[in-house]
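As stored in entry13.txt (compact mmCIF, C-alpha atoms):
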```txt
# COMPACT_ATOMS: atom_id res chain seq x y z
CA MET A 1 110.05 54.12 -113.06
CA LEU A 2 110.66 54.01 -116.91
CA ASN A 3 110.75 57.26 -118.85
CA LEU A 4 109.42 56.49 -122.37
CA PRO A 5 109.78 59.19 -125.10
CA ILE A 6 106.56 60.40 -126.64
CA PRO A 7 106.71 61.95 -130.22
CA SER A 8 105.72 65.58 -130.22
CA SER A 9 104.24 65.82 -133.83
CA LEU A 10 102.03 63.22 -135.61
CA PRO A 11 99.29 63.40 -138.33
CA ALA A 12 95.75 63.94 -137.06
CA ARG A 13 94.51 60.42 -137.83
CA SER A 14 97.63 58.94 -136.80
CA CYS A 15 97.51 61.20 -133.86
CA ARG A 16 94.13 59.85 -132.73
CA GLY A 17 95.35 56.33 -133.27
CA ASN A 18 98.48 57.12 -131.59
CA ARG A 19 96.64 58.69 -128.69
CA ALA A 20 94.60 55.58 -128.27
CA ARG A 21 97.68 53.50 -128.38
CA SER A 22 99.42 55.89 -126.04
CA LEU A 23 96.58 55.75 -123.60
CA GLY A 24 96.70 51.96 -123.74
CA SER A 25 100.40 52.02 -123.35
CA CYS A 26 100.04 54.40 -120.46
CA LEU A 27 97.47 52.20 -118.90
CA LEU A 28 99.70 49.22 -119.32
CA LEU A 29 102.59 51.25 -118.00
CA VAL A 30 100.58 52.40 -115.02
CA LEU A 31 99.41 48.88 -114.39
CA ALA A 32 102.97 47.64 -114.61
CA LEU A 33 104.21 50.36 -112.36
CA THR A 34 101.38 49.76 -109.98
CA GLY A 35 102.13 46.10 -109.97
CA CYS A 36 105.72 46.84 -109.26
CA ALA A 37 104.80 49.30 -106.59
CA ASN A 38 102.31 46.88 -105.18
CA GLY A 39 104.92 44.18 -105.21
CA ASP A 40 107.33 46.37 -103.34
CA ALA A 41 104.62 47.43 -100.91
CA THR A 42 103.58 43.87 -100.43
CA SER A 43 107.15 42.87 -99.79
CA ALA A 44 107.57 45.75 -97.40
CA LEU A 45 104.37 44.81 -95.61
CA GLU A 46 105.46 41.21 -95.33
CA ARG A 47 108.82 42.32 -94.01
CA SER A 48 107.18 44.59 -91.41
CA LEU A 49 104.93 41.78 -90.27
CA ALA A 50 107.69 39.19 -90.14
CA PRO A 51 108.99 38.40 -86.60
CA ASP A 52 112.26 39.84 -85.55
CA PRO A 53 114.87 37.04 -85.74
CA GLN A 54 116.57 38.40 -82.67
CA LEU A 55 113.33 38.14 -80.73
CA GLN A 56 112.51 34.62 -81.84
CA THR A 57 112.73 32.02 -79.01
CA SER A 58 114.33 28.68 -79.34
CA PRO A 59 112.19 25.83 -80.53
CA SER A 60 109.53 24.67 -78.14
CA ALA A 61 110.84 22.40 -75.53
CA SER A 62 109.99 18.79 -75.85
CA PRO A 63 107.25 17.34 -73.66
CA SER A 64 109.88 15.59 -71.63
CA ALA A 65 111.67 18.88 -71.05
CA ILE A 66 108.41 20.53 -70.08
CA ALA A 67 107.74 17.72 -67.72
CA SER A 68 111.19 18.03 -66.23
CA SER A 69 110.81 21.79 -65.80
CA SER A 70 107.47 21.43 -64.12
CA PRO A 71 107.53 22.58 -60.52
CA SER A 72 108.54 19.93 -58.07
CA PRO A 73 105.64 18.48 -56.18
CA ILE A 74 104.94 20.18 -52.89
CA THR A 75 105.94 17.86 -50.16
CA SER A 76 103.22 17.32 -47.69
CA ALA A 77 103.95 18.94 -44.40
CA SER A 78 104.80 16.52 -41.69
CA PRO A 79 101.85 16.04 -39.40
CA LEU A 80 101.91 18.46 -36.54
CA ALA A 81 102.88 16.74 -33.35
CA SER A 82 99.83 16.57 -31.23
CA PRO A 83 100.43 18.63 -28.12
CA THR A 84 101.16 16.54 -25.10
CA PRO A 85 98.65 17.43 -22.43
CA SER A 86 100.12 18.68 -19.22
CA PRO A 87 99.87 16.01 -16.57
CA ILE A 88 97.00 16.64 -14.23
CA ALA A 89 98.12 16.84 -10.64
CA THR A 90 96.62 13.96 -8.78
CA PRO A 91 95.50 14.59 -5.22
CA SER A 92 97.45 13.12 -2.41
CA PRO A 93 96.17 9.65 -1.79
CA ILE A 94 93.77 9.49 1.09
CA ALA A 95 94.83 7.13 3.78
CA THR A 96 92.67 4.04 3.58
CA PRO A 97 92.35 1.44 6.28
CA SER A 98 94.84 -1.37 5.93
CA PRO A 99 93.37 -4.76 4.96
CA ILE A 100 94.24 -6.09 8.41
CA ALA A 101 91.92 -3.50 9.99
CA SER A 102 88.91 -5.21 8.43
CA THR A 103 89.37 -8.14 10.80
CA ILE A 104 88.51 -6.08 13.89
CA PRO A 105 85.16 -4.60 14.96
CA SER A 106 84.18 -1.52 12.99
CA GLU A 107 83.91 0.52 16.21
CA LEU A 108 87.63 -0.01 16.89
CA GLN A 109 88.88 0.52 13.35
CA PRO A 110 89.23 4.34 13.54
CA TYR A 111 91.43 4.07 16.64
CA TRP A 112 93.55 1.36 15.06
CA GLN A 113 93.88 3.26 11.80
CA ASP A 114 95.02 6.46 13.49
CA TRP A 115 97.75 4.75 15.46
CA THR A 116 98.98 2.62 12.58
CA THR A 117 99.06 5.74 10.40
CA LEU A 118 101.16 7.52 13.01
CA GLY A 119 103.36 4.43 13.27
CA SER A 120 104.74 5.41 16.67
CA LEU A 121 103.65 2.32 18.62
CA SER A 122 106.18 -0.42 17.95
CA GLU A 123 104.86 -3.93 17.34
CA LEU A 124 101.28 -2.68 16.85
CA ASN A 125 100.61 -4.96 13.91
CA ALA A 126 98.19 -7.73 14.88
CA PRO A 127 94.81 -6.40 16.06
CA ASP A 128 93.50 -9.78 17.23
CA ARG A 129 96.67 -10.77 19.08
CA PRO A 130 96.72 -10.45 22.89
CA VAL A 131 98.89 -7.66 24.25
CA THR A 132 101.64 -8.44 26.76
CA ARG A 133 102.17 -6.35 29.87
CA ARG A 134 105.57 -5.32 28.54
CA GLN A 135 104.09 -4.07 25.26
CA PHE A 136 101.33 -2.08 26.92
CA ALA A 137 103.73 -0.47 29.40
CA ARG A 138 105.88 0.66 26.46
CA TRP A 139 102.88 1.90 24.43
CA LEU A 140 101.43 3.68 27.44
CA VAL A 141 104.52 5.85 27.86
CA GLN A 142 105.04 6.33 24.11
CA ALA A 143 101.44 7.41 23.50
CA ASN A 144 101.23 9.66 26.55
CA ASN A 145 104.48 11.47 25.84
CA GLN A 146 103.68 11.87 22.15
CA LEU A 147 100.22 13.29 22.78
CA PHE A 148 101.55 15.69 25.40
CA ALA A 149 104.75 16.58 23.60
CA ASN A 150 103.97 20.26 24.21
CA ARG A 151 103.22 19.68 27.90
CA PRO A 152 106.35 18.31 29.56
CA ALA A 153 104.66 18.38 32.96
CA TRP A 154 102.27 15.66 31.78
CA GLN A 155 104.96 13.37 30.37
CA VAL A 156 106.26 10.23 32.08
CA ARG A 157 109.98 10.32 32.77
CA SER A 158 112.14 7.33 31.97
CA ALA A 159 114.16 5.82 34.78
CA THR A 160 117.93 5.77 34.77
CA ALA A 161 119.99 2.61 34.71
CA SER A 162 121.26 3.40 38.20
CA SER A 163 117.77 3.13 39.73
CA PRO A 164 117.23 0.09 41.98
CA PRO A 165 114.84 -2.24 40.10
CA ALA A 166 111.28 -2.13 41.39
CA PHE A 167 110.63 -5.63 40.01
CA ALA A 168 112.83 -8.66 40.31
CA ASP A 169 112.06 -9.80 36.76
CA VAL A 170 112.86 -6.44 35.13
CA PRO A 171 116.56 -5.78 35.82
CA ALA A 172 118.46 -2.76 34.57
CA SER A 173 119.66 -4.84 31.61
CA ASP A 174 116.07 -5.35 30.37
CA PRO A 175 115.38 -3.43 27.13
CA ASP A 176 112.23 -1.93 28.66
CA PHE A 177 113.70 -1.25 32.08
CA ALA A 178 113.67 2.55 31.68
CA THR A 179 109.97 2.49 30.75
CA ILE A 180 108.68 -0.03 33.30
CA GLN A 181 110.82 1.35 36.10
CA GLY A 182 109.74 4.87 35.14
CA LEU A 183 106.05 3.93 35.49
CA ALA A 184 106.75 2.35 38.87
CA GLU A 185 108.67 5.38 40.11
CA ALA A 186 105.82 7.65 38.94
CA GLY A 187 103.37 5.55 40.98
CA ILE A 188 101.28 4.74 37.92
CA ILE A 189 101.67 0.97 38.25
CA PRO A 190 101.60 -0.82 41.66
CA SER A 191 104.98 -1.87 42.99
CA SER A 192 106.90 -1.99 46.23
CA LEU A 193 107.45 1.74 45.72
CA THR A 194 103.71 2.34 46.18
CA GLY A 195 103.59 0.11 49.26
CA ASN A 196 102.26 -2.95 47.46
CA THR A 197 104.25 -5.73 49.03
CA THR A 198 102.73 -8.37 46.79
CA ALA A 199 103.84 -6.73 43.51
CA LYS A 200 107.38 -8.12 43.52
CA ALA A 201 107.26 -9.37 39.95
CA PHE A 202 106.07 -7.51 36.88
CA ALA A 203 105.51 -10.57 34.63
CA PRO A 204 106.39 -8.69 31.41
CA SER A 205 105.41 -11.57 29.10
CA ALA A 206 102.02 -12.20 30.72
CA PRO A 207 98.92 -11.06 28.79
CA LEU A 208 97.42 -7.70 29.74
CA THR A 209 93.95 -8.08 31.27
CA ARG A 210 91.02 -5.67 31.16
CA GLU A 211 91.29 -4.71 34.82
CA ILE A 212 95.06 -4.03 34.54
CA LEU A 213 94.52 -1.88 31.44
CA VAL A 214 92.12 0.34 33.40
CA LEU A 215 94.37 0.28 36.47
CA TRP A 216 97.38 1.62 34.52
CA LYS A 217 95.55 3.99 32.14
CA VAL A 218 93.14 5.91 34.44
CA PRO A 219 95.88 7.65 36.48
CA LEU A 220 97.15 9.23 33.23
CA ASP A 221 93.64 10.40 32.37
CA LEU A 222 92.52 11.96 35.64
CA ARG A 223 95.94 13.17 36.82
CA GLN A 224 94.87 13.07 40.46
CA PRO A 225 94.81 10.57 43.36
CA LEU A 226 92.11 7.96 42.99
CA ALA A 227 89.55 7.64 45.76
CA PRO A 228 89.22 4.27 47.52
CA ALA A 229 86.49 2.04 46.09
CA THR A 230 84.72 -1.19 46.92
CA VAL A 231 82.84 -3.81 44.97
CA GLU A 232 79.63 -1.95 45.79
CA THR A 233 81.13 1.28 44.42
CA VAL A 234 81.90 -0.42 41.12
CA GLN A 235 78.49 -2.05 40.95
CA LYS A 236 76.78 1.29 41.56
CA ALA A 237 78.93 3.12 39.01
CA TRP A 238 78.80 0.53 36.23
CA GLY A 239 76.25 -2.10 37.12
CA PHE A 240 78.68 -4.93 36.40
CA VAL A 241 77.29 -8.23 37.59
CA ASP A 242 80.80 -9.65 37.85
CA SER A 243 82.21 -6.84 40.01
CA THR A 244 83.18 -9.39 42.66
CA LYS A 245 85.76 -10.82 40.26
CA VAL A 246 87.68 -7.53 40.06
CA ASP A 247 91.03 -7.48 41.86
CA ALA A 248 90.94 -5.23 44.91
CA GLN A 249 93.76 -3.00 43.66
CA ALA A 250 91.83 -2.31 40.42
CA LEU A 251 88.51 -1.35 42.03
CA ARG A 252 89.37 2.33 42.55
CA ALA A 253 90.58 2.80 38.94
CA ILE A 254 87.48 1.11 37.49
CA ALA A 255 85.18 3.22 39.65
CA ALA A 256 87.07 6.43 38.79
CA ASP A 257 86.96 5.70 35.05
CA ARG A 258 83.19 6.22 35.21
CA THR A 259 83.73 9.94 35.96
CA ASN A 260 85.04 10.46 32.42
CA GLY A 261 81.59 9.68 31.03
CA GLU A 262 81.56 8.80 27.33
CA LEU A 263 85.33 9.35 27.25
CA SER A 264 85.93 6.55 29.75
CA ASN A 265 88.22 3.73 28.68
CA ILE A 266 85.60 1.07 29.40
CA ARG A 267 82.96 2.68 27.18
CA ARG A 268 85.42 3.49 24.36
CA VAL A 269 87.09 0.07 24.32
CA PHE A 270 84.35 -2.38 25.34
CA GLY A 271 81.18 -0.42 24.58
CA PHE A 272 78.07 -0.93 26.66
CA THR A 273 78.32 -4.06 28.74
CA THR A 274 77.05 -5.44 32.04
CA LEU A 275 80.01 -7.82 32.20
CA LEU A 276 83.51 -6.44 32.63
CA GLN A 277 85.23 -9.84 32.41
CA PRO A 278 88.18 -8.34 34.32
CA LYS A 279 90.58 -11.26 33.67
CA LYS A 280 90.00 -11.40 29.93
CA PRO A 281 93.11 -10.66 27.84
CA VAL A 282 93.16 -7.42 25.88
CA THR A 283 93.81 -7.45 22.13
CA GLN A 284 96.07 -5.02 20.31
CA ALA A 285 93.03 -3.35 18.74
CA GLU A 286 91.48 -2.79 22.16
CA ALA A 287 94.76 -1.40 23.49
CA ALA A 288 94.91 1.03 20.56
CA ALA A 289 91.40 2.25 21.42
CA ALA A 290 92.35 2.79 25.07
CA LEU A 291 95.49 4.75 24.12
CA TRP A 292 93.69 6.85 21.50
CA TYR A 293 92.47 9.37 24.09
CA PHE A 294 94.26 10.78 27.14
CA GLY A 295 93.13 13.26 29.72
CA PRO A 296 90.20 14.15 31.93
CA GLU A 297 86.87 14.97 30.36
CA GLY A 298 87.07 18.35 28.66
CA GLN A 299 90.88 18.53 28.72
CA GLY A 300 91.93 15.53 26.66
CA ILE A 301 93.71 14.99 23.40
CA THR A 302 93.45 12.25 20.79
CA ALA A 303 95.68 10.49 18.29
CA LYS A 304 93.55 12.09 15.57
CA ASP A 305 94.78 15.48 16.76
CA LEU A 306 98.34 14.40 15.93
CA LEU A 307 97.28 13.68 12.35
CA ASN A 308 95.70 17.15 12.07
CA PRO A 309 98.15 19.41 13.91
CA THR A 310 96.59 22.62 12.56
CA ALA A 311 93.30 21.66 14.18
CA GLN A 312 94.88 20.47 17.42
CA PRO A 313 92.96 22.02 20.28
CA SER A 314 94.37 23.52 23.41
CA PRO A 315 94.47 20.93 26.21
CA THR A 316 91.91 23.05 28.05
CA VAL A 317 89.35 22.74 25.25
CA SER A 318 86.89 19.87 25.28
CA LYS A 319 87.33 17.51 22.40
CA SER A 320 84.96 14.60 22.01
CA PRO A 321 86.56 11.58 20.32
CA ILE A 322 83.31 10.88 18.54
CA GLY A 323 83.75 14.11 16.61
CA ASN A 324 87.19 12.99 15.49
CA ARG A 325 86.16 9.63 14.17
```
Show how you would write the structure in this file as structure tokens.
Amino acid sequence: MLNLPIPSSLPARSCRGNRARSLGSCLLLVLALTGCANGDATSALERSLAPDPQLQTSPSASPSAIASSSPSPITSASPLASPTPSPIATPSPIATPSPIASTIPSELQPYWQDWTTLGSLSELNAPDRPVTRRQFARWLVQANNQLFANRPAWQVRSATASSPPAFADVPASDPDFATIQGLAEAGIIPSSLTGNTTAKAFAPSAPLTREILVLWKVPLDLRQPLAPATVETVQKAWGFVDSTKVDAQALRAIAADRTNGELSNIRRVFGFTTLLQPKKPVTQAEAAAALWYFGPEGQGITAKDLLNPTAQPSPTVSKSPIGNR
């Protein structure tokens, strides 16, 4: 501030004039000082409100910089792999009848299907084809021994190569000698060993007839000597009008088969009939039906039992083949 000297002694008039001038000067001085003070205060205020240079940020980034500093786009998550469903266990295929089985009568199809499923009878592949005596002799032993695998006393023993041939046309070198000779030695088929002087030849390639099927099969069902029979016995037991055409050696087996009731070979293979037609050739399907069941009534076993071993009955328990079909 300015320190101006004020005179200490002045005339009265001049003093009043001087006072007025002094007051004006003072006012001017005050205004000047105030202005200066205000100027300084204003400058100070401006300085206090001014931003700190050290705190000032760099110039705003350009739009391109802003764009470049923008967060990178979020990459879309790869689609979740759809879970692979666990494979559903498929049930074991159920055995269905082979197409060839549809060519035979429906009543014989279950027997055929069981044996073809087992696959133990060689050359059983043509249901309508006639069976040879050789084939049936082989199947007879194979089926019997397989069904009674747990009963050795009911099995048919094979013959040895050193055995004298029972038939002139089945030498020891024949591939089925052990089987055919074994049946002859067991007395199941007629031969010179059973006292039949006319049975010198076996005729292995000849077709198997109905009466021969029953003649060979019944001894393995009943397991006991067969009672003598006549034509009248057969007629009374079965009512066949062609009983007179039956060979004499087959009469007792045909009559005895009737004692097995519904399990008899004739009923199972040929159904109800008043004609036996004893010389008619047997087909493979009919042979399979005859071999499907072995044993006397109430003590038999079936090929179906081999397919269901857990349900296989004791040989002393009755088992109707109808229940197995």
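The coordinates place CA of Ala290 (chain A) at 12.4 Å from CA of Val131 (chain A).
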(message) What's around region 135-138 of chain A at 12 Å? Count only C-alpha atoms, leave out sequence neighbours fewer than 4 positions away in its own chain, and write the answer as number ranges by chain.
(response) A: 120-125, 129-131, 142-145, 156, 158, 175-184, 188-189, 202-210, 212-217, 281-288, 290-291
(message) Quick check, in Å to one decimal: how far apart do CA of Asp305 (chain A) and CA of Thr116 (chain A) lie?
(response)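 Atom-to-atom, CA of Asp305 (chain A) and CA of Thr116 (chain A) are spaced 14.2 Å apart.
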(message) Measuring between all atoms listed in the file, which one of A:Arg252, A:Lys304, A:Lys200, A:Lys279 shows the shortest distance to Leu118 (chain A)?
(response)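 The answer is A:Lys304, which sits nearest to Leu118 (chain A).
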(request) Might you pull out every residue within 12 Å of Ser264 (chain A), with only C-alpha atoms counted and same-chain residues fewer than 2 positions away left off, and present them as a VMD selection string? (result) chain A and resid 214 217 to 218 221 to 222 238 253 to 262 266 to 272 289 to 298 300 320 to 321
(request) Can you work out the spacing between CA of Thr198 (chain A) and CA of Ala161 (chain A) in Å, to one decimal? (result) 23.8 Å
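Comparing A:Pro278, A:Pro127, A:Pro171, A:Pro228 by their smallest distance to Val241 (chain A), the closest is A:Pro278 (using all atoms listed in the file).
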If the box runs along x, y and z of the file and leaves 5 Å on each side of region 132-135 of chain A, what are its centre and edge lengths in Å, one decimal, as AutoDock Vina command-line options?
```
--center_x 103.6 --center_y -6.3 --center_z 27.6 --size_x 13.9 --size_y 14.4 --size_z 14.6
```
(message) Could you check the closest approach to Tyr111 (chain A) for each of A:Ala303, A:Thr310, A:Pro165, A:Leu275 and tell me which residue wins, using all atoms listed in the file?
(response)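 When distances to Tyr111 (chain A) are compared using all atoms listed in the file, the smallest one comes from A:Ala303.
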